[in-house]
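Everything below belongs to coords27.tsv, which stores TSV, C-alpha atoms.
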chain	number	residue	atom	x	y	z
A	1	MET	CA	-26.60	20.44	-27.96
A	2	ASN	CA	-29.27	17.75	-27.73
A	3	ALA	CA	-28.92	16.63	-31.33
A	4	PRO	CA	-27.09	13.36	-31.84
A	5	PRO	CA	-23.60	13.73	-33.27
A	6	PRO	CA	-23.96	13.08	-37.00
A	7	ASP	CA	-21.41	10.27	-37.04
A	8	HIS	CA	-23.55	8.31	-34.58
A	9	ALA	CA	-26.99	8.79	-36.04
A	10	ASP	CA	-28.82	5.74	-37.34
A	11	ASN	CA	-25.76	3.55	-37.20
A	12	PRO	CA	-26.78	0.08	-36.00
A	13	ASP	CA	-23.18	-0.69	-35.00
A	14	HIS	CA	-23.08	2.38	-32.80
A	15	PRO	CA	-26.41	2.71	-30.98
A	16	ARG	CA	-27.08	5.61	-28.62
A	17	PRO	CA	-29.10	5.89	-25.40
A	18	ARG	CA	-32.77	6.39	-26.23
A	19	SER	CA	-33.64	8.83	-23.46
A	20	LEU	CA	-32.62	10.28	-20.14
A	21	THR	CA	-34.47	7.43	-18.45
A	22	ASP	CA	-32.48	4.94	-20.51
A	23	LEU	CA	-29.27	6.62	-19.33
A	24	PHE	CA	-30.37	6.65	-15.70
A	25	VAL	CA	-31.48	3.01	-15.69
A	26	SER	CA	-28.41	1.83	-17.61
A	27	PHE	CA	-26.02	3.51	-15.21
A	28	THR	CA	-27.96	2.25	-12.18
A	29	LEU	CA	-27.73	-1.35	-13.43
A	30	LEU	CA	-24.09	-0.84	-14.26
A	31	ALA	CA	-23.27	0.55	-10.82
A	32	LEU	CA	-25.02	-2.35	-9.10
A	33	GLN	CA	-22.70	-4.83	-10.82
A	34	GLY	CA	-19.59	-3.03	-9.64
A	35	PHE	CA	-18.30	-4.54	-6.41
A	36	GLY	CA	-15.03	-2.91	-5.40
A	37	GLY	CA	-15.25	-0.39	-8.22
A	38	VAL	CA	-17.23	0.15	-11.37
A	39	LEU	CA	-14.55	0.77	-13.96
A	40	ALA	CA	-14.34	-2.69	-15.51
A	41	VAL	CA	-18.12	-2.90	-15.66
A	42	VAL	CA	-18.28	0.39	-17.55
A	43	GLN	CA	-16.03	-1.00	-20.28
A	44	ARG	CA	-18.03	-4.24	-20.40
A	45	GLU	CA	-21.45	-2.58	-20.56
A	46	MET	CA	-20.75	0.56	-22.60
A	47	VAL	CA	-18.34	-0.89	-25.16
A	48	ASP	CA	-18.90	-4.65	-25.38
A	49	ARG	CA	-22.64	-4.92	-24.72
A	50	LYS	CA	-24.46	-1.64	-25.39
A	51	ARG	CA	-21.87	-0.30	-27.87
A	52	TRP	CA	-22.58	3.33	-26.98
A	53	LEU	CA	-18.81	3.83	-27.24
A	54	THR	CA	-16.15	2.26	-29.42
A	55	GLN	CA	-12.96	0.99	-27.80
A	56	GLU	CA	-11.08	4.03	-29.07
A	57	GLU	CA	-13.70	6.44	-27.70
A	58	PHE	CA	-13.65	4.65	-24.37
A	59	ILE	CA	-9.86	4.95	-24.09
A	60	GLU	CA	-9.95	8.62	-25.07
A	61	ASP	CA	-12.71	9.46	-22.62
A	62	TRP	CA	-11.02	7.46	-19.90
A	63	ALA	CA	-7.77	9.36	-20.38
A	64	VAL	CA	-9.66	12.62	-19.84
A	65	ALA	CA	-11.61	11.16	-16.88
A	66	GLN	CA	-8.36	10.05	-15.31
A	67	ILE	CA	-6.46	13.29	-15.71
A	68	MET	CA	-9.28	15.50	-14.38
A	69	PRO	CA	-10.11	15.75	-10.65
A	70	GLY	CA	-12.91	13.55	-9.38
A	71	PRO	CA	-13.62	9.81	-9.36
A	72	ASN	CA	-12.84	8.32	-12.78
A	73	VAL	CA	-16.10	6.47	-13.16
A	74	VAL	CA	-18.09	9.52	-12.17
A	75	ASN	CA	-16.20	11.61	-14.73
A	76	LEU	CA	-16.72	8.96	-17.39
A	77	SER	CA	-20.47	8.77	-16.75
A	78	LEU	CA	-20.72	12.57	-16.97
A	79	MET	CA	-18.93	12.56	-20.30
A	80	ILE	CA	-21.00	9.73	-21.78
A	81	GLY	CA	-24.28	11.29	-20.64
A	82	GLY	CA	-23.17	14.75	-21.76
A	83	ARG	CA	-22.10	13.55	-25.18
A	84	TYR	CA	-25.63	12.41	-26.05
A	85	PHE	CA	-27.92	14.74	-24.07
A	86	GLY	CA	-25.85	17.68	-22.82
A	87	VAL	CA	-26.09	18.75	-19.18
A	88	PRO	CA	-29.37	16.84	-18.49
A	89	GLY	CA	-27.72	13.68	-19.83
A	90	ALA	CA	-24.67	14.18	-17.66
A	91	LEU	CA	-26.86	14.63	-14.59
A	92	ALA	CA	-29.04	11.61	-15.44
A	93	ALA	CA	-25.98	9.37	-15.81
A	94	LEU	CA	-24.47	10.73	-12.60
A	95	ALA	CA	-27.70	10.25	-10.67
A	96	GLY	CA	-28.03	6.70	-12.01
A	97	LEU	CA	-24.51	5.88	-10.95
A	98	LEU	CA	-24.92	7.21	-7.41
A	99	ALA	CA	-28.54	7.18	-6.21
A	100	VAL	CA	-29.36	3.49	-5.65
A	101	PRO	CA	-25.80	2.51	-4.60
A	102	LEU	CA	-25.86	5.32	-2.04
A	103	VAL	CA	-29.02	3.94	-0.46
A	104	LEU	CA	-27.54	0.42	-0.46
A	105	VAL	CA	-24.25	1.46	1.10
A	106	LEU	CA	-26.07	3.33	3.89
A	107	MET	CA	-28.22	0.24	4.53
A	108	LEU	CA	-25.06	-1.83	4.62
A	109	ALA	CA	-23.54	0.57	7.16
A	110	VAL	CA	-26.61	0.18	9.35
A	111	LEU	CA	-26.47	-3.62	9.17
A	112	HIS	CA	-22.70	-3.79	9.34
A	113	ALA	CA	-22.44	-4.59	13.04
A	114	ARG	CA	-24.44	-7.76	12.49
A	115	PHE	CA	-22.41	-9.16	9.56
A	116	ALA	CA	-18.94	-7.95	10.36
A	117	ASP	CA	-17.75	-10.97	12.30
A	118	SER	CA	-19.19	-13.63	10.00
A	119	PRO	CA	-16.42	-15.63	8.26
A	120	VAL	CA	-18.89	-16.57	5.51
A	121	VAL	CA	-19.46	-12.93	4.61
A	122	ALA	CA	-15.75	-12.12	4.80
A	123	GLY	CA	-14.97	-15.12	2.54
A	124	ALA	CA	-17.64	-14.16	0.03
A	125	LEU	CA	-16.23	-10.63	-0.16
A	126	ARG	CA	-12.73	-12.00	-0.76
A	127	GLY	CA	-14.01	-14.22	-3.55
A	128	MET	CA	-15.80	-11.31	-5.19
A	129	ALA	CA	-12.69	-9.17	-4.90
A	130	ALA	CA	-10.67	-11.83	-6.74
A	131	VAL	CA	-13.23	-11.93	-9.57
A	132	CYS	CA	-13.15	-8.11	-9.72
A	133	ALA	CA	-9.37	-8.16	-10.11
A	134	GLY	CA	-9.76	-10.52	-13.07
A	135	LEU	CA	-12.49	-8.33	-14.48
A	136	ILE	CA	-10.37	-5.19	-14.47
A	137	GLY	CA	-7.43	-7.05	-16.00
A	138	ALA	CA	-9.70	-8.32	-18.77
A	139	ALA	CA	-10.86	-4.76	-19.48
A	140	GLY	CA	-7.21	-3.79	-19.95
A	141	LEU	CA	-6.56	-6.73	-22.29
A	142	ARG	CA	-9.63	-5.95	-24.39
A	143	LEU	CA	-8.67	-2.32	-24.78
A	144	ALA	CA	-5.13	-3.27	-25.80
A	145	GLY	CA	-6.61	-4.17	-29.20
A	146	ALA	CA	-7.16	-0.46	-29.82
A	147	LEU	CA	-3.39	0.16	-29.73
A	148	LYS	CA	-3.16	-1.16	-33.29
A	149	LYS	CA	-4.79	2.09	-34.43
A	150	SER	CA	-2.39	4.28	-32.46
A	151	PRO	CA	-0.09	6.61	-34.42
A	152	LEU	CA	2.75	5.18	-32.31
A	153	PRO	CA	4.43	1.97	-33.48
A	154	LEU	CA	3.18	-1.04	-31.51
A	155	PRO	CA	6.53	-1.79	-29.80
A	156	TRP	CA	6.61	1.77	-28.43
A	157	CYS	CA	3.08	1.35	-27.05
A	158	VAL	CA	4.06	-1.93	-25.42
A	159	ALA	CA	7.18	-0.37	-23.90
A	160	LEU	CA	5.21	2.61	-22.53
A	161	GLY	CA	2.50	0.32	-21.18
A	162	ALA	CA	5.04	-1.99	-19.54
A	163	ALA	CA	6.84	0.97	-17.97
A	164	GLY	CA	3.51	2.24	-16.62
A	165	PHE	CA	2.66	-1.15	-15.12
A	166	ILE	CA	6.08	-1.46	-13.46
A	167	LEU	CA	5.92	2.07	-12.03
A	168	VAL	CA	2.36	1.81	-10.68
A	169	ALA	CA	1.83	-1.85	-9.78
A	170	LEU	CA	5.32	-2.90	-8.69
A	171	LEU	CA	7.12	0.27	-7.60
A	172	LYS	CA	3.95	1.99	-6.26
A	173	CYS	CA	4.84	5.38	-7.73
A	174	PRO	CA	2.29	8.16	-7.10
A	175	LEU	CA	-0.26	8.16	-9.89
A	176	ALA	CA	0.27	11.84	-10.68
A	177	TRP	CA	3.94	11.25	-11.57
A	178	VAL	CA	3.05	8.46	-13.97
A	179	LEU	CA	0.18	10.38	-15.56
A	180	PHE	CA	2.11	13.58	-16.09
A	181	GLY	CA	5.59	12.10	-16.58
A	182	LEU	CA	5.11	8.95	-18.64
A	183	GLY	CA	1.75	10.13	-20.02
A	184	GLY	CA	3.31	13.45	-21.03
A	185	LEU	CA	6.17	11.66	-22.77
A	186	SER	CA	3.71	9.43	-24.63
A	187	CYS	CA	1.62	12.44	-25.72
A	188	VAL	CA	4.70	14.29	-27.01
A	189	LEU	CA	5.81	11.22	-28.99
A	190	THR	CA	2.32	10.89	-30.43
A	191	TYR	CA	2.23	14.60	-31.28
A	192	ARG	CA	5.45	14.26	-33.29
A	193	ARG	CA	4.17	11.19	-35.13
A	194	LEU	CA	0.90	12.94	-36.03
A	195	LYS	CA	2.84	15.65	-37.84
A	196	ALA	CA	4.30	13.17	-40.32
B	1	MET	CA	-13.05	-0.72	20.05
B	2	ASN	CA	-12.53	2.99	20.43
B	3	ALA	CA	-14.86	4.83	22.74
B	4	PRO	CA	-17.83	6.25	20.82
B	5	LEU	CA	-17.72	9.94	20.07
B	6	HIS	CA	-20.39	12.40	21.13
B	7	LEU	CA	-20.11	15.59	19.17
B	8	THR	CA	-21.85	18.87	19.14
B	9	LEU	CA	-21.60	20.39	15.67
B	10	ASP	CA	-22.77	23.93	14.98
B	11	TRP	CA	-23.26	25.59	11.61
B	12	ALA	CA	-19.66	26.80	11.49
B	13	ASP	CA	-18.47	23.19	11.84
B	14	TRP	CA	-20.75	21.95	9.05
B	15	LEU	CA	-19.57	24.80	6.85
B	16	ASN	CA	-15.96	23.93	7.65
B	17	LEU	CA	-16.63	20.29	6.69
B	18	PHE	CA	-18.29	21.36	3.45
B	19	ALA	CA	-15.49	23.75	2.52
B	20	HIS	CA	-12.88	21.09	3.23
B	21	PHE	CA	-14.55	18.58	0.90
B	22	LEU	CA	-14.92	21.23	-1.80
B	23	THR	CA	-11.14	21.73	-1.69
B	24	LEU	CA	-10.45	17.99	-1.63
B	25	SER	CA	-12.57	17.62	-4.75
B	26	LEU	CA	-10.21	19.91	-6.67
B	27	MET	CA	-7.23	17.79	-5.58
B	28	SER	CA	-8.80	14.42	-6.32
B	29	VAL	CA	-6.91	13.60	-9.50
B	30	GLY	CA	-6.94	9.80	-9.75
B	31	GLY	CA	-10.11	9.50	-7.69
B	32	ALA	CA	-11.38	10.58	-4.29
B	33	ILE	CA	-9.50	7.73	-2.63
B	34	SER	CA	-6.21	9.49	-3.40
B	35	THR	CA	-7.23	12.28	-1.01
B	36	SER	CA	-8.18	9.88	1.79
B	37	SER	CA	-4.96	10.50	3.72
B	38	GLU	CA	-5.87	14.18	3.84
B	39	MET	CA	-9.44	13.30	4.94
B	40	HIS	CA	-7.92	11.21	7.72
B	41	ARG	CA	-5.78	14.11	8.88
B	42	PHE	CA	-8.79	16.45	8.90
B	43	LEU	CA	-11.54	14.20	10.30
B	44	VAL	CA	-9.64	11.95	12.70
B	45	GLU	CA	-6.53	13.79	13.82
B	46	GLN	CA	-7.45	17.46	13.67
B	47	HIS	CA	-11.16	17.57	14.56
B	48	HIS	CA	-11.79	14.14	16.15
B	49	TRP	CA	-15.10	13.88	14.30
B	50	LEU	CA	-14.40	10.21	13.46
B	51	THR	CA	-12.49	7.48	15.30
B	52	GLN	CA	-9.72	5.61	13.50
B	53	GLU	CA	-11.91	2.51	13.39
B	54	GLN	CA	-14.87	4.38	11.93
B	55	PHE	CA	-12.61	5.83	9.26
B	56	ASN	CA	-11.30	2.40	8.22
B	57	GLN	CA	-14.78	0.90	8.22
B	58	ALA	CA	-16.11	3.60	5.90
B	59	ILE	CA	-13.51	2.68	3.27
B	60	ALA	CA	-13.92	-1.09	3.68
B	61	LEU	CA	-17.73	-0.98	3.54
B	62	ALA	CA	-17.74	1.11	0.38
B	63	GLN	CA	-15.42	-1.44	-1.25
B	64	ALA	CA	-17.76	-4.27	-0.28
B	65	ALA	CA	-20.94	-2.61	-1.55
B	66	PRO	CA	-21.84	-2.28	-5.22
B	67	GLY	CA	-21.29	1.12	-6.79
B	68	PRO	CA	-18.48	3.63	-7.15
B	69	ASN	CA	-15.84	3.67	-4.41
B	70	VAL	CA	-16.40	7.40	-3.88
B	71	LEU	CA	-19.36	6.42	-1.68
B	72	PHE	CA	-16.88	5.96	1.17
B	73	VAL	CA	-17.14	9.76	1.41
B	74	ALA	CA	-20.90	9.46	2.03
B	75	LEU	CA	-20.23	6.93	4.79
B	76	MET	CA	-17.83	9.33	6.48
B	77	GLY	CA	-20.46	12.07	6.40
B	78	TRP	CA	-23.02	9.59	7.71
B	79	GLN	CA	-20.81	8.58	10.60
B	80	VAL	CA	-19.89	12.17	11.52
B	81	GLY	CA	-23.62	12.92	11.67
B	82	LEU	CA	-24.31	9.82	13.81
B	83	ASN	CA	-21.54	10.90	16.17
B	84	ALA	CA	-23.34	14.23	16.38
B	85	GLY	CA	-26.37	12.46	17.66
B	86	SER	CA	-29.13	11.64	15.18
B	87	THR	CA	-30.11	9.96	11.93
B	88	GLY	CA	-31.21	13.35	10.63
B	89	ALA	CA	-27.73	14.73	11.25
B	90	ALA	CA	-26.28	11.62	9.58
B	91	LEU	CA	-28.32	12.24	6.43
B	92	PHE	CA	-27.26	15.88	6.50
B	93	GLY	CA	-23.64	14.70	6.81
B	94	VAL	CA	-24.07	12.57	3.68
B	95	LEU	CA	-25.45	15.58	1.82
B	96	VAL	CA	-22.66	17.92	2.94
B	97	THR	CA	-19.77	15.57	2.16
B	98	MET	CA	-21.13	14.20	-1.13
B	99	VAL	CA	-22.13	17.57	-2.59
B	100	GLY	CA	-18.77	18.92	-1.46
B	101	ILE	CA	-16.66	16.17	-2.99
B	102	MET	CA	-18.65	15.99	-6.24
B	103	THR	CA	-19.45	19.55	-7.30
B	104	PRO	CA	-16.10	21.17	-8.20
B	105	SER	CA	-14.62	18.15	-9.99
B	106	THR	CA	-17.86	17.51	-11.86
B	107	VAL	CA	-18.13	21.07	-13.19
B	108	ILE	CA	-14.47	21.19	-14.24
B	109	THR	CA	-14.49	17.78	-15.91
B	110	TYR	CA	-17.70	18.49	-17.78
B	111	ALA	CA	-16.38	21.78	-19.12
B	112	ALA	CA	-13.03	20.23	-20.11
B	113	ALA	CA	-14.72	17.30	-21.83
B	114	ARG	CA	-16.99	19.60	-23.86
B	115	TRP	CA	-14.00	21.68	-24.87
B	116	GLY	CA	-12.05	18.58	-25.85
B	117	HIS	CA	-14.95	17.20	-27.86
B	118	ARG	CA	-15.46	20.48	-29.75
B	119	ASN	CA	-11.74	20.69	-30.51
B	120	ARG	CA	-11.23	17.00	-31.16
B	121	ASP	CA	-9.57	17.66	-34.52
B	122	LEU	CA	-6.81	19.80	-33.02
B	123	ARG	CA	-3.49	18.04	-33.24
B	124	ALA	CA	-2.74	18.58	-29.54
B	125	VAL	CA	-6.10	17.10	-28.49
B	126	ARG	CA	-5.61	14.07	-30.73
B	127	ALA	CA	-2.06	13.63	-29.45
B	128	PHE	CA	-3.28	13.73	-25.84
B	129	LYS	CA	-6.09	11.24	-26.34
B	130	GLN	CA	-4.19	8.75	-28.47
B	131	GLY	CA	-0.95	9.22	-26.58
B	132	MET	CA	-2.57	8.34	-23.26
B	133	ALA	CA	-3.87	4.98	-24.55
B	134	PRO	CA	-0.87	2.82	-23.50
B	135	ILE	CA	-0.88	4.48	-20.06
B	136	VAL	CA	-4.62	3.91	-19.62
B	137	ILE	CA	-4.17	0.20	-20.37
B	138	ALA	CA	-1.18	-0.02	-18.02
B	139	LEU	CA	-3.22	1.58	-15.23
B	140	LEU	CA	-6.05	-0.94	-15.68
B	141	LEU	CA	-3.64	-3.87	-15.50
B	142	SER	CA	-1.96	-2.29	-12.47
B	143	THR	CA	-5.30	-1.91	-10.68
B	144	ALA	CA	-6.04	-5.59	-11.34
B	145	TRP	CA	-2.64	-6.55	-9.95
B	146	ILE	CA	-3.02	-4.40	-6.84
B	147	MET	CA	-6.55	-5.68	-6.14
B	148	ALA	CA	-5.45	-9.29	-6.46
B	149	SER	CA	-2.49	-8.65	-4.17
B	150	SER	CA	-4.60	-6.97	-1.51
B	151	ALA	CA	-7.21	-9.76	-1.62
B	152	GLY	CA	-4.72	-12.60	-1.86
B	153	GLY	CA	-1.37	-11.34	-0.64
B	154	ASP	CA	1.40	-13.83	-1.31
B	155	ALA	CA	0.71	-15.59	-4.62
B	156	LEU	CA	2.06	-19.00	-3.55
B	157	ALA	CA	0.14	-19.22	-0.28
B	158	HIS	CA	-3.10	-17.97	-1.83
B	159	TRP	CA	-2.88	-19.55	-5.28
B	160	PRO	CA	-6.59	-20.49	-5.45
B	161	LEU	CA	-7.50	-16.82	-5.12
B	162	TRP	CA	-5.05	-15.77	-7.83
B	163	LEU	CA	-6.24	-18.63	-10.02
B	164	THR	CA	-9.81	-17.39	-9.60
B	165	ALA	CA	-8.74	-13.91	-10.66
B	166	VAL	CA	-6.86	-15.20	-13.73
B	167	VAL	CA	-9.63	-17.57	-14.81
B	168	SER	CA	-12.35	-14.94	-14.42
B	169	GLY	CA	-10.18	-12.50	-16.35
B	170	LEU	CA	-9.80	-14.97	-19.23
B	171	VAL	CA	-13.50	-15.84	-19.26
B	172	ILE	CA	-14.46	-12.16	-19.40
B	173	TRP	CA	-11.85	-11.42	-22.05
B	174	ARG	CA	-13.01	-14.21	-24.34
B	175	THR	CA	-16.79	-14.42	-23.75
B	176	ARG	CA	-19.80	-12.15	-23.28
B	177	ILE	CA	-21.05	-13.89	-20.13
B	178	HIS	CA	-22.83	-11.62	-17.67
B	179	LEU	CA	-20.53	-10.35	-14.92
B	180	LEU	CA	-23.01	-11.12	-12.16
B	181	TRP	CA	-22.63	-14.87	-12.76
B	182	LEU	CA	-18.90	-14.66	-12.19
B	183	LEU	CA	-19.30	-12.43	-9.12
B	184	ALA	CA	-21.82	-14.90	-7.68
B	185	ALA	CA	-19.45	-17.80	-8.36
B	186	GLY	CA	-16.62	-15.93	-6.64
B	187	ALA	CA	-18.85	-15.18	-3.65
B	188	VAL	CA	-19.91	-18.84	-3.31
B	189	LEU	CA	-16.33	-20.14	-3.60
B	190	GLY	CA	-15.22	-17.58	-1.02
B	191	ALA	CA	-18.09	-18.28	1.38
B	192	LEU	CA	-17.37	-22.04	1.21
B	193	ARG	CA	-13.72	-21.29	1.98
B	194	VAL	CA	-12.58	-22.95	-1.25
B	195	ILE	CA	-10.47	-19.89	-2.06
In structure tokens, how does this file's structure come out?
Amino acid sequence: MNAPPPDHADNPDHPRPRSLTDLFVSFTLLALQGFGGVLAVVQREMVDRKRWLTQEEFIEDWAVAQIMPGPNVVNLSLMIGGRYFGVPGALAALAGLLAVPLVLVLMLAVLHARFADSPVVAGALRGMAAVCAGLIGAAGLRLAGALKKSPLPLPWCVALGAAGFILVALLKCPLAWVLFGLGGLSCVLTYRRLKA
Amino acid sequence: MNAPLHLTLDWADWLNLFAHFLTLSLMSVGGAISTSSEMHRFLVEQHHWLTQEQFNQAIALAQAAPGPNVLFVALMGWQVGLNAGSTGAALFGVLVTMVGIMTPSTVITYAAARWGHRNRDLRAVRAFKQGMAPIVIALLLSTAWIMASSAGGDALAHWPLWLTAVVSGLVIWRTRIHLLWLLAAGAVLGALRVI
């Protein structure tokens, strides 16, 4: 279980984490960049910078992370760690993601009474939230490139994606409906195309 | 401000809290935040272990701090423990709620991911993973939209904020600049009240 998957070994375009410590430290640094959520940072760090995952692998893993119970980013870190080092890898990635941020958030809770009323702090948080929104949007745009390799024709992908955006962002449908309804439809369409 | 709570929690209460978060973990498809309405019912309305204000602050603080949003659960445990009287109880509250919310989902997801990876050549597994791609992308864009709306509200009145979001999105899409530079720039612009 600890052996590297053969398709990843010694491939300079697809490096892998060197050790459990590397996993822990990488996920700690990644978590510390994620204000208001870590998802966009995961794509940036794991796919664009470290290249531990390709875009296609990231999308596939994220689909699983999303459909399973638990926080998406936590699920994703488990899967990335587990893919390279089995259970110890999954635990190292999980610990990296949570340990230092947990200490920081508790410190923040202790200090909260002192900052809460400061307009400077509130403004800074609003500015960071705006950047985060852009960051997550950019992650979506980057991943859209992977649709070219989908078995579905591109216009179908665009139509499914647009329907998903309208349902979730504009009509505020419950996520489970979209995942199981629209996602299910998309999977069935893909299944039929794969047969051909 | 709500009146502070002074609780006495015995082992049965802690066990009840732990069991509740174990169950919530199984229901947390789409992230722990999707179960927060149920946490509210349990912690605030049913047991009065947290005030309404403490509940809201736990979610807001976790958003403001770096790291995964699920840490709002730790803050709830922390606050329940503080209401019960001591920092030691608060740390125990963090342990109870975090282990509760993480364990079931983690075990299930890990097992499912291993199974999926071993059977990745099955047609159904390939269809699931490739078929979900457009939905995954749509969800990311939706999250961006919802975050910008909740930070900025009306696009016309708060156009500098939306412009910041769009520009940072384009910069990240097209360059490899480190994210922390953009976050720092956003913080400075916000602190100076430019946006």
Which residue gives the smallest distance to chain A among B:Leu9, B:Ile177, B:Leu17, B:Leu75, with only C-alpha atoms counted?
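Once distances to chain A are computed over only C-alpha atoms, the minimum belongs to B:Leu75.
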Separation of atom CA of Phe27 of chain A from atom CA of Pro71 of chain A, in Å and rounded to one decimal
15.1 Å
Residue neighbourhood Ala65 of chain A, 6 Å, all atoms listed in the file, exclusion window fewer than 4 positions, as a PyMOL selection string:
chain A and resi 72+75-76
Could you give me, as a PyMOL selection string, the residues within 8 Å of Gly140 of chain A, counting only C-alpha atoms and dropping anything in the same chain fewer than 4 positions from it?
(chain A and resi 136+144) or (chain B and resi 137-138+140-141)
Would you save the residues of that selection, restricted to C-alpha atoms, as a compact mmCIF listing (two decimals), in the coordinates of the input?
# COMPACT_ATOMS: atom_id res chain seq x y z
CA ILE A 136 -10.37 -5.19 -14.47
CA ALA A 144 -5.13 -3.27 -25.80
CA ILE B 137 -4.17 0.20 -20.37
CA ALA B 138 -1.18 -0.02 -18.02
CA LEU B 140 -6.05 -0.94 -15.68
CA LEU B 141 -3.64 -3.87 -15.50
Counting all atoms listed in the file, which residues sit no farther than 10 Å from the position (-17.9, 20.8, -7.6) in the file's frame? I'd like them as an MDAnalysis selection string.
(chainID A and resid 69:70) or (chainID B and resid 21:26 98:109)
Could you pull the residues within 9 Å of Ala89 of chain B, counting all atoms listed in the file, minus those fewer than 6 positions along the same chain, as a list of chain:residue names?
B:Trp78, B:Val80, B:Gly81, B:Leu82, B:Asn83
Could you tell me, as an NGL selection string, which residues have any atom at most 8 Å from (-13.6, 1.6, -12.1), counting all atoms listed in the file?
(:A and (34 or 37-42 or 72-73 or 136)) or (:B and (68))
Using only C-alpha atoms, which residue out of B:Val73, B:Val96, B:Leu192, B:Val29 lies closest to chain A?
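Closest to chain A of all the choices is B:Val29.
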Using all atoms listed in the file, which protein or nucleic acid residues come within 12 Å of Arg83 of chain A? Drop anything in the same chain fewer than 2 positions from it, and give the result as a count of residues only.
36
Need the shell around Asn56 of chain B: protein/DNA/RNA residues with any atom at most 10 Å away, counting all atoms listed in the file. Skip same-chain ones fewer than 6 positions apart. Format as a list in words?
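Once the nearby chain positions are removed, what remains is His40, Leu50, Phe72 and Met76 of chain B.
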Residue among A:Arg114, A:Lys148, A:Lys172, A:Arg126 lying closest to chain B, counting only C-alpha atoms:
A:Arg126
Which of these residues is nearest to Phe18 of chain B, using only C-alpha atoms: B:Phe55, B:Asn69, B:Gly77, B:Ala64?
B:Gly77
Please, what distance in Å, to one decimal, runs between atom CA of Trp156 of chain A and atom CA of Thr143 of chain B?
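Those two atoms sit 21.7 Å apart.
Separating atom CA of Leu179 of chain B from atom CA of Ile146 of chain B is a distance of 20.2 Å.
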Selected residue of minimal separation from chain B among A:Thr190, A:Thr28, A:Gln43, A:Ser19, counting only C-alpha atoms
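Of all the options, A:Thr190 lies closest to chain B.
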Which is closest to chain B among A:Leu185, A:Leu152, A:Leu167, A:Ala124, if we use all atoms listed in the file?
A:Ala124
